[in-house]
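Visitor: The following file, upload_12.cif, comprises mmCIF, C-alpha atoms:
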```
data_run
loop_
_atom_site.label_atom_id
_atom_site.label_comp_id
_atom_site.auth_asym_id
_atom_site.auth_seq_id
_atom_site.Cartn_x
_atom_site.Cartn_y
_atom_site.Cartn_z
CA MET G 1 102.22 106.88 108.89
CA ARG G 2 99.94 106.75 105.86
CA ALA G 3 101.44 106.06 102.48
CA SER G 4 101.42 108.90 99.97
CA PHE G 5 100.06 107.97 96.53
CA GLU G 6 100.73 109.54 93.16
CA ILE G 7 99.25 108.72 89.77
CA ILE G 8 101.15 109.33 86.54
CA ASN G 9 99.18 109.02 83.32
CA PHE G 10 101.30 108.60 80.19
CA GLY G 11 100.06 109.39 76.72
CA ASP G 12 100.17 112.19 74.19
CA GLU G 13 96.44 111.71 73.62
CA LEU G 14 95.71 112.82 77.20
CA LEU G 15 97.73 116.02 76.83
CA VAL G 16 96.18 117.15 73.57
CA GLY G 17 92.64 116.34 74.70
CA THR G 18 91.77 113.64 72.20
CA ARG G 19 91.04 111.34 75.13
CA GLU G 20 89.57 112.14 78.55
CA ASN G 21 91.71 111.19 81.53
CA SER G 22 89.21 108.64 82.80
CA HIS G 23 92.01 106.74 84.52
CA LEU G 24 92.53 109.50 87.07
CA ILE G 25 88.79 109.68 87.77
CA TYR G 26 88.53 105.91 88.15
CA LEU G 27 91.69 105.37 90.21
CA GLY G 28 90.96 108.38 92.41
CA ASP G 29 87.48 107.06 93.13
CA GLN G 30 88.71 103.52 93.82
CA LEU G 31 91.49 104.64 96.14
CA THR G 32 89.15 107.01 98.00
CA ARG G 33 86.83 104.05 98.68
CA TYR G 34 89.72 102.44 100.55
CA GLY G 35 90.58 105.58 102.48
CA VAL G 36 93.57 106.50 100.33
CA ALA G 37 94.08 110.10 99.27
CA VAL G 38 95.96 110.71 96.03
CA ARG G 39 98.58 113.33 96.75
CA ARG G 40 99.42 114.28 93.17
CA ASN G 41 98.69 113.47 89.53
CA GLN G 42 100.88 114.07 86.52
CA VAL G 43 99.91 113.75 82.87
CA ILE G 44 103.02 113.18 80.77
CA ASN G 45 103.72 112.73 77.08
CA ASP G 46 105.42 109.68 75.65
CA SER G 47 108.97 111.03 75.42
CA PRO G 48 111.61 109.13 77.41
CA GLU G 49 113.05 112.36 78.84
CA ASP G 50 109.68 113.49 80.20
CA ILE G 51 108.82 110.00 81.47
CA THR G 52 112.13 109.87 83.35
CA ARG G 53 111.73 113.37 84.78
CA ALA G 54 108.14 112.74 85.93
CA PHE G 55 109.00 109.39 87.48
CA LYS G 56 112.05 110.68 89.34
CA PHE G 57 110.01 113.58 90.72
CA ALA G 58 107.28 111.19 91.87
CA ALA G 59 109.85 108.83 93.39
CA GLU G 60 111.18 111.67 95.55
CA GLN G 61 107.71 112.54 96.82
CA SER G 62 105.54 109.41 97.06
CA ASP G 63 105.44 105.99 98.68
CA VAL G 64 103.22 104.42 96.03
CA ILE G 65 103.32 105.43 92.37
CA ILE G 66 100.68 104.17 89.96
CA THR G 67 101.28 104.66 86.25
CA THR G 68 98.88 104.13 83.38
CA GLY G 69 99.75 103.62 79.73
CA GLY G 70 102.86 102.98 77.72
CA LEU G 71 103.06 99.20 78.17
CA GLY G 72 101.82 98.17 74.73
CA PRO G 73 103.65 96.84 71.68
CA THR G 74 103.95 100.05 69.65
CA ALA G 75 107.04 102.20 69.15
CA ASP G 76 105.71 104.98 71.42
CA ASP G 77 105.08 102.59 74.34
CA LEU G 78 108.29 103.36 76.21
CA THR G 79 107.15 103.50 79.82
CA ARG G 80 108.35 100.08 81.00
CA GLU G 81 111.87 100.43 79.59
CA THR G 82 112.29 104.08 80.52
CA ILE G 83 111.19 103.67 84.13
CA ALA G 84 113.28 100.51 84.55
CA GLN G 85 116.30 102.51 83.41
CA ALA G 86 115.42 105.38 85.79
CA LEU G 87 115.13 102.87 88.65
CA GLY G 88 118.31 101.06 87.69
CA ALA G 89 116.16 97.91 87.71
CA GLU G 90 116.75 95.01 85.37
CA LEU G 91 114.02 93.83 83.02
CA VAL G 92 114.02 90.13 82.15
CA PHE G 93 112.15 88.17 79.51
CA ASP G 94 109.33 86.09 81.00
CA PRO G 95 108.20 83.10 78.91
CA THR G 96 105.02 82.86 80.99
CA ILE G 97 103.96 86.31 79.74
CA GLU G 98 104.81 85.28 76.18
CA ALA G 99 102.66 82.15 76.52
CA ALA G 100 99.72 84.17 77.86
CA ILE G 101 99.92 86.67 75.00
CA ALA G 102 100.24 83.90 72.41
CA LYS G 103 97.22 82.14 73.93
CA ARG G 104 95.19 85.37 73.74
CA PHE G 105 96.03 85.77 70.06
CA GLU G 106 95.24 82.11 69.42
CA SER G 107 91.79 82.53 71.03
CA LEU G 108 91.18 85.37 68.55
CA GLY G 109 92.29 83.21 65.63
CA ARG G 110 95.44 85.27 65.13
CA THR G 111 99.18 84.78 65.51
CA MET G 112 101.25 86.83 67.93
CA SER G 113 103.62 89.18 66.11
CA ASP G 114 107.24 89.79 67.07
CA ARG G 115 106.44 93.33 68.21
CA HIS G 116 104.33 91.89 71.05
CA ARG G 117 107.41 90.20 72.51
CA ARG G 118 108.52 93.54 73.95
CA GLN G 119 105.55 93.18 76.33
CA CYS G 120 107.09 89.98 77.73
CA TYR G 121 109.57 91.76 79.98
CA LYS G 122 109.12 92.16 83.71
CA PHE G 123 111.20 93.55 86.54
CA LYS G 124 113.69 90.91 87.63
CA LYS G 125 112.50 91.42 91.20
CA GLY G 126 108.87 92.21 90.55
CA VAL G 127 105.33 91.00 90.28
CA VAL G 128 103.46 90.46 87.02
CA LEU G 129 99.78 91.38 86.89
CA ARG G 130 98.04 89.14 84.36
CA ASN G 131 95.91 90.83 81.73
CA ASP G 132 92.71 88.88 81.15
CA HIS G 133 91.38 91.46 78.68
CA GLY G 134 94.39 92.41 76.56
CA THR G 135 98.05 91.71 75.95
CA ALA G 136 100.07 94.11 78.13
CA PRO G 137 100.59 92.75 81.63
CA GLY G 138 100.75 95.13 84.54
CA LEU G 139 103.92 95.26 86.59
CA ILE G 140 104.80 95.90 90.22
CA HIS G 141 108.23 96.83 91.51
CA LYS G 142 108.96 97.22 95.20
CA SER G 143 112.20 98.97 96.08
CA GLU G 144 114.48 98.00 98.93
CA THR G 145 113.13 101.03 100.83
CA GLY G 146 109.55 99.77 100.44
CA GLN G 147 108.43 102.22 97.77
CA ILE G 148 105.92 100.58 95.42
CA LEU G 149 105.56 101.18 91.69
CA ILE G 150 102.43 99.82 90.02
CA MET G 151 102.34 100.00 86.22
CA LEU G 152 98.97 99.49 84.54
CA PRO G 153 98.06 99.24 80.84
CA GLY G 154 96.30 102.14 79.16
CA PRO G 155 93.07 100.60 77.81
CA THR G 156 90.33 101.13 80.40
CA ASN G 157 88.80 97.68 79.85
CA GLU G 158 92.17 96.19 80.83
CA LEU G 159 93.10 98.61 83.62
CA LYS G 160 89.89 98.39 85.66
CA PRO G 161 89.66 94.61 86.20
CA MET G 162 93.42 94.41 86.77
CA PHE G 163 93.21 97.11 89.42
CA GLU G 164 90.16 95.65 91.18
CA GLN G 165 91.17 91.99 91.05
CA GLN G 166 94.93 92.22 91.56
CA VAL G 167 96.16 95.64 92.68
CA ILE G 168 93.66 96.21 95.50
CA PRO G 169 94.43 92.79 97.07
CA TYR G 170 98.17 93.44 96.67
CA LEU G 171 97.90 96.79 98.44
CA GLN G 172 95.80 95.28 101.23
CA CYS G 173 98.56 92.80 102.16
#
```
Could you render the structure as structure tokens?

Guide:
Amino acid sequence: MRASFEIINFGDELLVGTRENSHLIYLGDQLTRYGVAVRRNQVINDSPEDITRAFKFAAEQSDVIITTGGLGPTADDLTRETIAQALGAELVFDPTIEAAIAKRFESLGRTMSDRHRRQCYKFKKGVVLRNDHGTAPGLIHKSETGQILIMLPGPTNELKPMFEQQVIPYLQC
């Protein structure tokens, strides 16, 4: 049996057309190269209710769910917390993520602000995808039934290398 894949893109800017959904184009192309057909795509705004509804619908339909966006430090970046709640999965603070973000800020001659600490949470039983080009790490959660959730940051320059260098090898295992 082949796994069914779904992509959920989060962000008000995608719905109102101020930004092209280049993530769908990129991820669709990458997955096709590996013989994977994307079964469905959803573009969802940043409200917790809509995030929950979209995720639960995807979880009923797909074996692998890839999300983009909503992992940053701003008040509207609610994807990680909202999906964890929908899954009933615990998020835990990871000092390794905090150290990586602090090091990134230090390399830019800046100090990490408190708001960036919200990016330091991972699924208790999950995988962290390091972000070599930004601050928001990607996250992977695998359910007891084998369903896989892959959460990627929104900025394209962060998403692409993370997907190519870490997600593709993870999916090939």

Visitor: Given the choices G:Thr32, G:Gly154, G:Lys142, G:Ala58, which gets closest to Gly11 (chain G) if the distance is worked out from all atoms listed in the file?

Guide: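 Smallest distance to Gly11 (chain G) is found for G:Gly154.
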
Visitor: Let me know the residues the PyMOL selection byres ((chain G and resi 77-79) around 9) catches in the file above, as a list of chain:residue names.

Guide: G:Phe10, G:Gly11, G:Asp46, G:Ser47, G:Pro48, G:Ile51, G:Thr52, G:Thr67, G:Gly69, G:Gly70, G:Leu71, G:Gly72, G:Pro73, G:Thr74, G:Ala75, G:Asp76, G:Arg80, G:Glu81, G:Thr82, G:Ile83, G:Ala84, G:Met151

Visitor: Using the chain letters and numbers from the file, which residues does the PyMOL selection byres ((chain G and resi 110-114) around 12) grab, as JSON, numbers by chain?

Guide: {"G": [73, 74, 98, 99, 100, 101, 102, 103, 104, 105, 106, 107, 108, 109, 115, 116, 117, 118, 119, 120, 135]}

Visitor: Restricting the calculation to all atoms listed in the file, which member of G:Asn131, G:Ser22, G:Thr68, G:Thr156 is positioned closest to Ile97 (chain G)?

Guide: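 Of G:Asn131, G:Ser22, G:Thr68, G:Thr156, the one nearest Ile97 (chain G) is G:Asn131, counting all atoms listed in the file.
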
Visitor: Selected by the PyMOL selection byres ((chain G and resi 40) around 10) in the shown coordinates: which residues, as JSON, numbers by chain?

Guide: {"G": [4, 5, 6, 7, 8, 37, 38, 39, 41, 42, 58, 61, 62, 65]}

Visitor: Could you check how far CA of Arg19 (chain G) sits from CA of Gly138 (chain G), in Å to one decimal?

Guide: 21.1 Å

Visitor: With a distance cut-off of 9 Å and all atoms listed in the file, select the neighbouring residues of Asn21 (chain G), excluding the residue or stretch itself and same-chain residues fewer than 6 positions from it, and output the selection as a ChimeraX atom specification.

Guide: /G:9,14,43

Visitor: My list of candidates is G:His141, G:Arg2, G:Val128, G:Gly146. Which is closest to Gly35 (chain G) when distances are computed with only C-alpha atoms?

Guide: G:Arg2
